[in-house]
Amino acid sequence: MDKKLIVSPSPHIHSNTSTSKLMSDVIIALLPAFVVSIFFFGFDSLIVTAVSVVSCMLFEWLISKYLLKKKPSLTDYSAALTGLLLAFNLPPSLPLWIVVIGALVAIGIGKMSFGGLGCNPFNPALVGRVFLLISFPTHMTSFVSTKAVDALSGATPLAFVKEAVKSGKPLSELMGYFSYGDLLMGDKSGSLGEISAAALLLGFVYLLIRKVITWHIPVYILGTMFLFSGLLWLIDPETYLDPMFQILTGGAILGAVYMATDYVTSPMNNRGMLIYGVGIGVITILIRVWGAYPEGISFAILIMNAVVPLINKYTHPRRFGMVKAK
């Protein structure tokens, strides 16, 4: 009987599931955060998301068909998920032509230039987001406030606090602008998909129940951020933010749960996930506290994406019977 050896790129799935089912589960998990964004930002959120998703799907189809000369694979929903995650990392007031550029970079450079799904070393949505942040910093840092507080207009909580501390104001005077209830539910400025920690955590529970991801990477990232920022806060609570504020603001939960866990760009074993998660957590806090940007998780994930091949090389288990070289 003739048997064929079929070789294909990652991700390799050893179960009755499929790539399209995994991608659709992540999309479903993101729906609560999407609904919250529409509630606070209105149709701007819907339009930015629609343009991002459609653009990503269109660019993947065009590049696959006319540049790579292969059958487009839009039915696996990976392009749609990239578009959704890219939109979640954008301000709802962003001009649509910039959204289209971000989609082109995410798909064309972040994904298809490496060969498509399973071959990209970096998270495509974050590649698009960081490119836009560097290329269009004014547009990418102009946010609509959901609160009727003039002092917060146009600034995320992280950016507002960071600038105020630089000007010499103690944190005790600034925390009155925020409540943890607002930070949890989404009544704050920010990218359209990151504002509601509660909605993102609800999606996290769904992904765990569906066994799409494991708890390891998100817990390692958020736990490291909590411990590192908590240590700084204990040293000087008037200069450094408390750990709960660090977790509930910015893109910490969005990045830790939905982008750092990408099968292709994350480590394959628990020991590697620990190194990866701790690295992302430490780099994120370093950038937030001492870096030029108020947010750092996008950069942290991309940096650790680049280290993943080394992590996999030095943390993979030895084969049974193999003697460790001296």
# chains A, B, ... in the order shown; residues from 1 in each chain; ligands from 1
>>> closest_atom_pairs(of="segment 54-127 of chain A", to="segment 291-299 of chain A", cutoff="10 Å", atoms="only C-alpha atoms", output="tab-separated table")
residue	atom	partner	partner_atom	distance
A:Asn89	CA	A:Ser298	CA	9.2
A:Asn123	CA	A:Ser298	CA	9.5
A:Ala125	CA	A:Ser298	CA	9.6
A:Leu126	CA	A:Ser298	CA	6.1
A:Val127	CA	A:Ser298	CA	8.6
>>> write_last_selection(atoms="C-alpha atoms", output="PDB file, in the first residue's frame")
ATOM      1  CA  ASN A  89      -4.874  47.814  19.175  1.00  0.00           C
ATOM      2  CA  ASN A 123       2.629  38.270  15.692  1.00  0.00           C
ATOM      3  CA  ALA A 125      -1.208  42.228  14.274  1.00  0.00           C
ATOM      4  CA  LEU A 126       1.509  43.586  16.562  1.00  0.00           C
ATOM      5  CA  VAL A 127       3.834  44.137  13.604  1.00  0.00           C
TER       6      VAL A 127
END
>>> residues_around(residues="Leu86 of chain A", least_positions_apart="3", cutoff="10 Å", atoms="only C-alpha atoms", output="ChimeraX atom specification")
/A:48-49,52-53,56,80-83,89-90,99,102-103,106,124-129,193
>>> write_last_selection(atoms="N, CA, C and O atoms", output="PDB file, in the first residue's frame")
ATOM      1  N   VAL A  48     -13.846  51.069  12.245  1.00  0.00           N
ATOM      2  CA  VAL A  48     -12.411  50.765  12.266  1.00  0.00           C
ATOM      3  C   VAL A  48     -12.183  49.254  12.219  1.00  0.00           C
ATOM      4  O   VAL A  48     -11.320  48.756  11.478  1.00  0.00           O
ATOM      5  N   THR A  49     -12.965  48.510  12.975  1.00  0.00           N
ATOM      6  CA  THR A  49     -12.816  47.053  13.002  1.00  0.00           C
ATOM      7  C   THR A  49     -13.163  46.442  11.651  1.00  0.00           C
ATOM      8  O   THR A  49     -12.445  45.567  11.149  1.00  0.00           O
ATOM      9  N   SER A  52     -10.416  47.175   9.123  1.00  0.00           N
ATOM     10  CA  SER A  52      -9.217  46.392   9.425  1.00  0.00           C
ATOM     11  C   SER A  52      -9.376  44.935   8.993  1.00  0.00           C
ATOM     12  O   SER A  52      -8.492  44.367   8.348  1.00  0.00           O
ATOM     13  N   VAL A  53     -10.509  44.333   9.334  1.00  0.00           N
ATOM     14  CA  VAL A  53     -10.741  42.919   9.000  1.00  0.00           C
ATOM     15  C   VAL A  53     -10.822  42.731   7.490  1.00  0.00           C
ATOM     16  O   VAL A  53     -10.173  41.832   6.919  1.00  0.00           O
ATOM     17  N   CYS A  56      -7.347  43.233   5.828  1.00  0.00           N
ATOM     18  CA  CYS A  56      -6.445  42.094   6.051  1.00  0.00           C
ATOM     19  C   CYS A  56      -6.812  40.911   5.165  1.00  0.00           C
ATOM     20  O   CYS A  56      -5.942  40.259   4.571  1.00  0.00           O
ATOM     21  N   ALA A  80      -8.833  37.152   9.146  1.00  0.00           N
ATOM     22  CA  ALA A  80      -9.888  37.879   9.854  1.00  0.00           C
ATOM     23  C   ALA A  80      -9.493  38.132  11.306  1.00  0.00           C
ATOM     24  O   ALA A  80      -9.721  39.216  11.843  1.00  0.00           O
ATOM     25  N   LEU A  81      -8.878  37.131  11.942  1.00  0.00           N
ATOM     26  CA  LEU A  81      -8.436  37.304  13.330  1.00  0.00           C
ATOM     27  C   LEU A  81      -7.329  38.344  13.427  1.00  0.00           C
ATOM     28  O   LEU A  81      -7.317  39.161  14.352  1.00  0.00           O
ATOM     29  N   THR A  82      -6.398  38.337  12.470  1.00  0.00           N
ATOM     30  CA  THR A  82      -5.350  39.356  12.458  1.00  0.00           C
ATOM     31  C   THR A  82      -5.956  40.750  12.345  1.00  0.00           C
ATOM     32  O   THR A  82      -5.554  41.687  13.049  1.00  0.00           O
ATOM     33  N   GLY A  83      -6.952  40.898  11.469  1.00  0.00           N
ATOM     34  CA  GLY A  83      -7.623  42.183  11.327  1.00  0.00           C
ATOM     35  C   GLY A  83      -8.335  42.619  12.587  1.00  0.00           C
ATOM     36  O   GLY A  83      -8.304  43.793  12.962  1.00  0.00           O
ATOM     37  N   ASN A  89      -6.059  47.078  18.735  1.00  0.00           N
ATOM     38  CA  ASN A  89      -4.874  47.814  19.175  1.00  0.00           C
ATOM     39  C   ASN A  89      -4.831  49.231  18.610  1.00  0.00           C
ATOM     40  O   ASN A  89      -3.799  49.899  18.703  1.00  0.00           O
ATOM     41  N   LEU A  90      -5.938  49.699  18.044  1.00  0.00           N
ATOM     42  CA  LEU A  90      -5.973  51.011  17.410  1.00  0.00           C
ATOM     43  C   LEU A  90      -6.959  51.938  18.117  1.00  0.00           C
ATOM     44  O   LEU A  90      -7.962  51.476  18.665  1.00  0.00           O
ATOM     45  N   VAL A  99      -5.576  52.809   8.974  1.00  0.00           N
ATOM     46  CA  VAL A  99      -5.977  51.430   9.293  1.00  0.00           C
ATOM     47  C   VAL A  99      -5.613  50.499   8.139  1.00  0.00           C
ATOM     48  O   VAL A  99      -5.093  49.397   8.354  1.00  0.00           O
ATOM     49  N   GLY A 102      -1.937  49.832   8.123  1.00  0.00           N
ATOM     50  CA  GLY A 102      -1.612  48.868   9.170  1.00  0.00           C
ATOM     51  C   GLY A 102      -1.945  47.448   8.770  1.00  0.00           C
ATOM     52  O   GLY A 102      -1.190  46.507   9.056  1.00  0.00           O
ATOM     53  N   ALA A 103      -3.072  47.265   8.092  1.00  0.00           N
ATOM     54  CA  ALA A 103      -3.463  45.936   7.621  1.00  0.00           C
ATOM     55  C   ALA A 103      -2.477  45.415   6.581  1.00  0.00           C
ATOM     56  O   ALA A 103      -2.114  44.226   6.581  1.00  0.00           O
ATOM     57  N   ALA A 106       0.680  44.398   8.447  1.00  0.00           N
ATOM     58  CA  ALA A 106       0.436  43.199   9.254  1.00  0.00           C
ATOM     59  C   ALA A 106       0.425  41.944   8.391  1.00  0.00           C
ATOM     60  O   ALA A 106       1.078  40.938   8.716  1.00  0.00           O
ATOM     61  N   PRO A 124       1.557  39.005  13.604  1.00  0.00           N
ATOM     62  CA  PRO A 124       1.304  39.961  12.516  1.00  0.00           C
ATOM     63  C   PRO A 124       0.559  41.210  12.962  1.00  0.00           C
ATOM     64  O   PRO A 124       0.879  42.320  12.522  1.00  0.00           O
ATOM     65  N   ALA A 125      -0.441  41.061  13.832  1.00  0.00           N
ATOM     66  CA  ALA A 125      -1.208  42.228  14.274  1.00  0.00           C
ATOM     67  C   ALA A 125      -0.320  43.219  15.023  1.00  0.00           C
ATOM     68  O   ALA A 125      -0.458  44.431  14.858  1.00  0.00           O
ATOM     69  N   LEU A 126       0.608  42.703  15.820  1.00  0.00           N
ATOM     70  CA  LEU A 126       1.509  43.586  16.562  1.00  0.00           C
ATOM     71  C   LEU A 126       2.537  44.228  15.637  1.00  0.00           C
ATOM     72  O   LEU A 126       2.964  45.356  15.886  1.00  0.00           O
ATOM     73  N   VAL A 127       2.939  43.529  14.589  1.00  0.00           N
ATOM     74  CA  VAL A 127       3.834  44.137  13.604  1.00  0.00           C
ATOM     75  C   VAL A 127       3.161  45.359  12.987  1.00  0.00           C
ATOM     76  O   VAL A 127       3.758  46.432  12.856  1.00  0.00           O
ATOM     77  N   GLY A 128       1.878  45.197  12.610  1.00  0.00           N
ATOM     78  CA  GLY A 128       1.130  46.316  12.052  1.00  0.00           C
ATOM     79  C   GLY A 128       0.955  47.440  13.044  1.00  0.00           C
ATOM     80  O   GLY A 128       1.113  48.624  12.713  1.00  0.00           O
ATOM     81  N   ARG A 129       0.649  47.094  14.287  1.00  0.00           N
ATOM     82  CA  ARG A 129       0.414  48.107  15.314  1.00  0.00           C
ATOM     83  C   ARG A 129       1.675  48.911  15.624  1.00  0.00           C
ATOM     84  O   ARG A 129       1.638  50.147  15.704  1.00  0.00           O
ATOM     85  N   GLY A 193     -10.097  47.847  21.724  1.00  0.00           N
ATOM     86  CA  GLY A 193     -10.311  46.508  22.231  1.00  0.00           C
ATOM     87  C   GLY A 193      -9.697  46.223  23.582  1.00  0.00           C
ATOM     88  O   GLY A 193      -9.880  45.132  24.125  1.00  0.00           O
TER      89      GLY A 193
END
>>> atom_distance(atom1="atom CA of Leu94 of chain A", atom2="atom CA of Ala260 of chain A")
24.3 Å
>>> residues_around(residues="segment 213-225 of chain A", least_positions_apart="3", cutoff="6 Å", atoms="only C-alpha atoms", output="ChimeraX atom specification")
/A:208,228-229,256-257,273,277-278,281
>>> closest_residue(among="A:Leu183, A:Ile275, A:Val307, A:Ile285", to="Phe226 of chain A", atoms="only C-alpha atoms")
A:Ile285
>>> residues_around(residues="segment 239-246 of chain A", least_positions_apart="6", cutoff="7 Å", atoms="only C-alpha atoms", output="list of chain:residue names")
A:Val165, A:Pro170, A:Leu171, A:Phe226, A:Ser229, A:Gly230, A:Leu232, A:Trp233
>>> residues_around(residues="segment 26-33 of chain A", least_positions_apart="5", cutoff="9 Å", atoms="only C-alpha atoms", output="PyMOL selection string")
chain A and resi 21+38+77+80-81+84-85+88+186+192-200+202-207+212+258
>>> atom_distance(atom1="atom CA of Asp25 of chain A", atom2="atom CA of Ile47 of chain A")
22.3 Å
>>> closest_residue(among="A:Val161, A:Leu67, A:Leu174, A:Ala252", to="Gly116 of chain A", atoms="only C-alpha atoms")
A:Leu67
>>> select_by_dssp(residues="segment 266-315 of chain A", states="helix (DSSP H, G or I)", output="PyMOL selection string")
chain A and resi 270-290+297-315
>>> residues_around(residues="Phe143 of chain A", least_positions_apart="5", cutoff="8 Å", atoms="only C-alpha atoms", output="list in words")
Pro91, Pro92, Ser93, Ser153, Gly154, Ala155, Thr156, Ser189, Gly190 and Ser191 of chain A
>>> atom_distance(atom1="atom CA of Val100 of chain A", atom2="atom CA of Ser55 of chain A")
6.0 Å
>>> decode(residues="segment 63-110 of chain A", atoms="N, CA and C atoms", output="short mmCIF file (atom, residue, chain, number, x, y, z; two decimals), in the first residue's frame")
data_model
loop_
_atom_site.label_atom_id
_atom_site.label_comp_id
_atom_site.auth_asym_id
_atom_site.auth_seq_id
_atom_site.Cartn_x
_atom_site.Cartn_y
_atom_site.Cartn_z
N ILE A 63 -2.14 38.88 -2.15
CA ILE A 63 -0.74 38.43 -2.06
C ILE A 63 -0.64 36.94 -2.36
N SER A 64 -1.56 36.15 -1.85
CA SER A 64 -1.54 34.71 -2.10
C SER A 64 -1.74 34.40 -3.57
N LYS A 65 -2.69 35.07 -4.18
CA LYS A 65 -3.05 34.75 -5.56
C LYS A 65 -2.06 35.29 -6.58
N TYR A 66 -1.59 36.52 -6.39
CA TYR A 66 -0.81 37.16 -7.45
C TYR A 66 0.69 37.24 -7.16
N LEU A 67 1.11 37.16 -5.91
CA LEU A 67 2.54 37.20 -5.61
C LEU A 67 3.09 35.81 -5.26
N LEU A 68 2.43 35.11 -4.37
CA LEU A 68 2.90 33.78 -3.97
C LEU A 68 2.40 32.68 -4.89
N LYS A 69 1.42 33.02 -5.74
CA LYS A 69 0.88 32.06 -6.71
C LYS A 69 0.38 30.78 -6.05
N LYS A 70 -0.35 30.95 -4.96
CA LYS A 70 -0.93 29.78 -4.31
C LYS A 70 -2.38 30.07 -3.94
N LYS A 71 -3.11 29.04 -3.63
CA LYS A 71 -4.52 29.18 -3.35
C LYS A 71 -4.72 29.97 -2.05
N PRO A 72 -5.51 31.04 -2.10
CA PRO A 72 -5.77 31.80 -0.88
C PRO A 72 -6.45 30.94 0.19
N SER A 73 -6.14 31.21 1.45
CA SER A 73 -6.67 30.39 2.54
C SER A 73 -7.48 31.23 3.51
N LEU A 74 -8.40 32.01 3.00
CA LEU A 74 -9.20 32.87 3.86
C LEU A 74 -10.15 32.08 4.75
N THR A 75 -10.45 30.84 4.36
CA THR A 75 -11.41 30.05 5.13
C THR A 75 -10.87 29.57 6.47
N ASP A 76 -9.56 29.75 6.71
CA ASP A 76 -9.05 29.38 8.04
C ASP A 76 -9.23 30.49 9.06
N TYR A 77 -9.75 31.64 8.64
CA TYR A 77 -10.09 32.78 9.49
C TYR A 77 -8.87 33.45 10.13
N SER A 78 -7.67 33.07 9.75
CA SER A 78 -6.49 33.68 10.36
C SER A 78 -6.34 35.14 9.97
N ALA A 79 -6.67 35.47 8.70
CA ALA A 79 -6.59 36.87 8.27
C ALA A 79 -7.64 37.71 8.98
N ALA A 80 -8.83 37.15 9.15
CA ALA A 80 -9.89 37.88 9.85
C ALA A 80 -9.49 38.13 11.31
N LEU A 81 -8.88 37.13 11.94
CA LEU A 81 -8.44 37.30 13.33
C LEU A 81 -7.33 38.34 13.43
N THR A 82 -6.40 38.34 12.47
CA THR A 82 -5.35 39.36 12.46
C THR A 82 -5.96 40.75 12.34
N GLY A 83 -6.95 40.90 11.47
CA GLY A 83 -7.62 42.18 11.33
C GLY A 83 -8.33 42.62 12.59
N LEU A 84 -8.97 41.66 13.28
CA LEU A 84 -9.66 41.97 14.52
C LEU A 84 -8.69 42.40 15.61
N LEU A 85 -7.59 41.66 15.75
CA LEU A 85 -6.59 42.00 16.77
C LEU A 85 -5.90 43.33 16.46
N LEU A 86 -5.65 43.58 15.18
CA LEU A 86 -5.07 44.87 14.81
C LEU A 86 -6.00 46.01 15.20
N ALA A 87 -7.28 45.86 14.88
CA ALA A 87 -8.26 46.89 15.23
C ALA A 87 -8.33 47.10 16.73
N PHE A 88 -8.23 46.03 17.49
CA PHE A 88 -8.30 46.13 18.95
C PHE A 88 -7.12 46.93 19.52
N ASN A 89 -6.06 47.08 18.73
CA ASN A 89 -4.87 47.81 19.18
C ASN A 89 -4.83 49.23 18.61
N LEU A 90 -5.94 49.70 18.04
CA LEU A 90 -5.97 51.01 17.41
C LEU A 90 -6.96 51.94 18.12
N PRO A 91 -6.70 53.24 18.09
CA PRO A 91 -7.68 54.20 18.61
C PRO A 91 -8.94 54.18 17.74
N PRO A 92 -10.12 54.31 18.32
CA PRO A 92 -11.34 54.28 17.51
C PRO A 92 -11.49 55.46 16.57
N SER A 93 -10.74 56.54 16.81
CA SER A 93 -10.82 57.72 15.96
C SER A 93 -9.75 57.75 14.87
N LEU A 94 -9.02 56.66 14.72
CA LEU A 94 -7.92 56.62 13.74
C LEU A 94 -8.46 56.77 12.32
N PRO A 95 -7.83 57.63 11.49
CA PRO A 95 -8.26 57.73 10.08
C PRO A 95 -8.19 56.37 9.39
N LEU A 96 -9.17 56.10 8.55
CA LEU A 96 -9.30 54.77 7.96
C LEU A 96 -8.15 54.45 7.01
N TRP A 97 -7.56 55.45 6.38
CA TRP A 97 -6.45 55.16 5.47
C TRP A 97 -5.23 54.65 6.25
N ILE A 98 -5.09 55.07 7.50
CA ILE A 98 -4.00 54.54 8.33
C ILE A 98 -4.31 53.11 8.74
N VAL A 99 -5.58 52.81 8.97
CA VAL A 99 -5.98 51.43 9.29
C VAL A 99 -5.61 50.50 8.14
N VAL A 100 -5.86 50.94 6.92
CA VAL A 100 -5.54 50.14 5.74
C VAL A 100 -4.03 49.90 5.63
N ILE A 101 -3.25 50.92 5.91
CA ILE A 101 -1.79 50.76 5.89
C ILE A 101 -1.36 49.74 6.94
N GLY A 102 -1.94 49.83 8.12
CA GLY A 102 -1.61 48.87 9.17
C GLY A 102 -1.95 47.45 8.77
N ALA A 103 -3.07 47.26 8.09
CA ALA A 103 -3.46 45.94 7.62
C ALA A 103 -2.48 45.42 6.58
N LEU A 104 -2.03 46.29 5.69
CA LEU A 104 -1.06 45.89 4.66
C LEU A 104 0.24 45.45 5.30
N VAL A 105 0.72 46.18 6.29
CA VAL A 105 1.97 45.82 6.96
C VAL A 105 1.80 44.53 7.75
N ALA A 106 0.68 44.40 8.45
CA ALA A 106 0.44 43.20 9.25
C ALA A 106 0.42 41.94 8.39
N ILE A 107 -0.30 41.99 7.28
CA ILE A 107 -0.41 40.82 6.41
C ILE A 107 0.79 40.70 5.48
N GLY A 108 1.13 41.79 4.81
CA GLY A 108 2.18 41.73 3.80
C GLY A 108 3.57 41.51 4.37
N ILE A 109 3.89 42.19 5.47
CA ILE A 109 5.22 42.06 6.08
C ILE A 109 5.21 41.08 7.25
N GLY A 110 4.24 41.22 8.13
CA GLY A 110 4.23 40.39 9.33
C GLY A 110 3.89 38.94 9.10
#
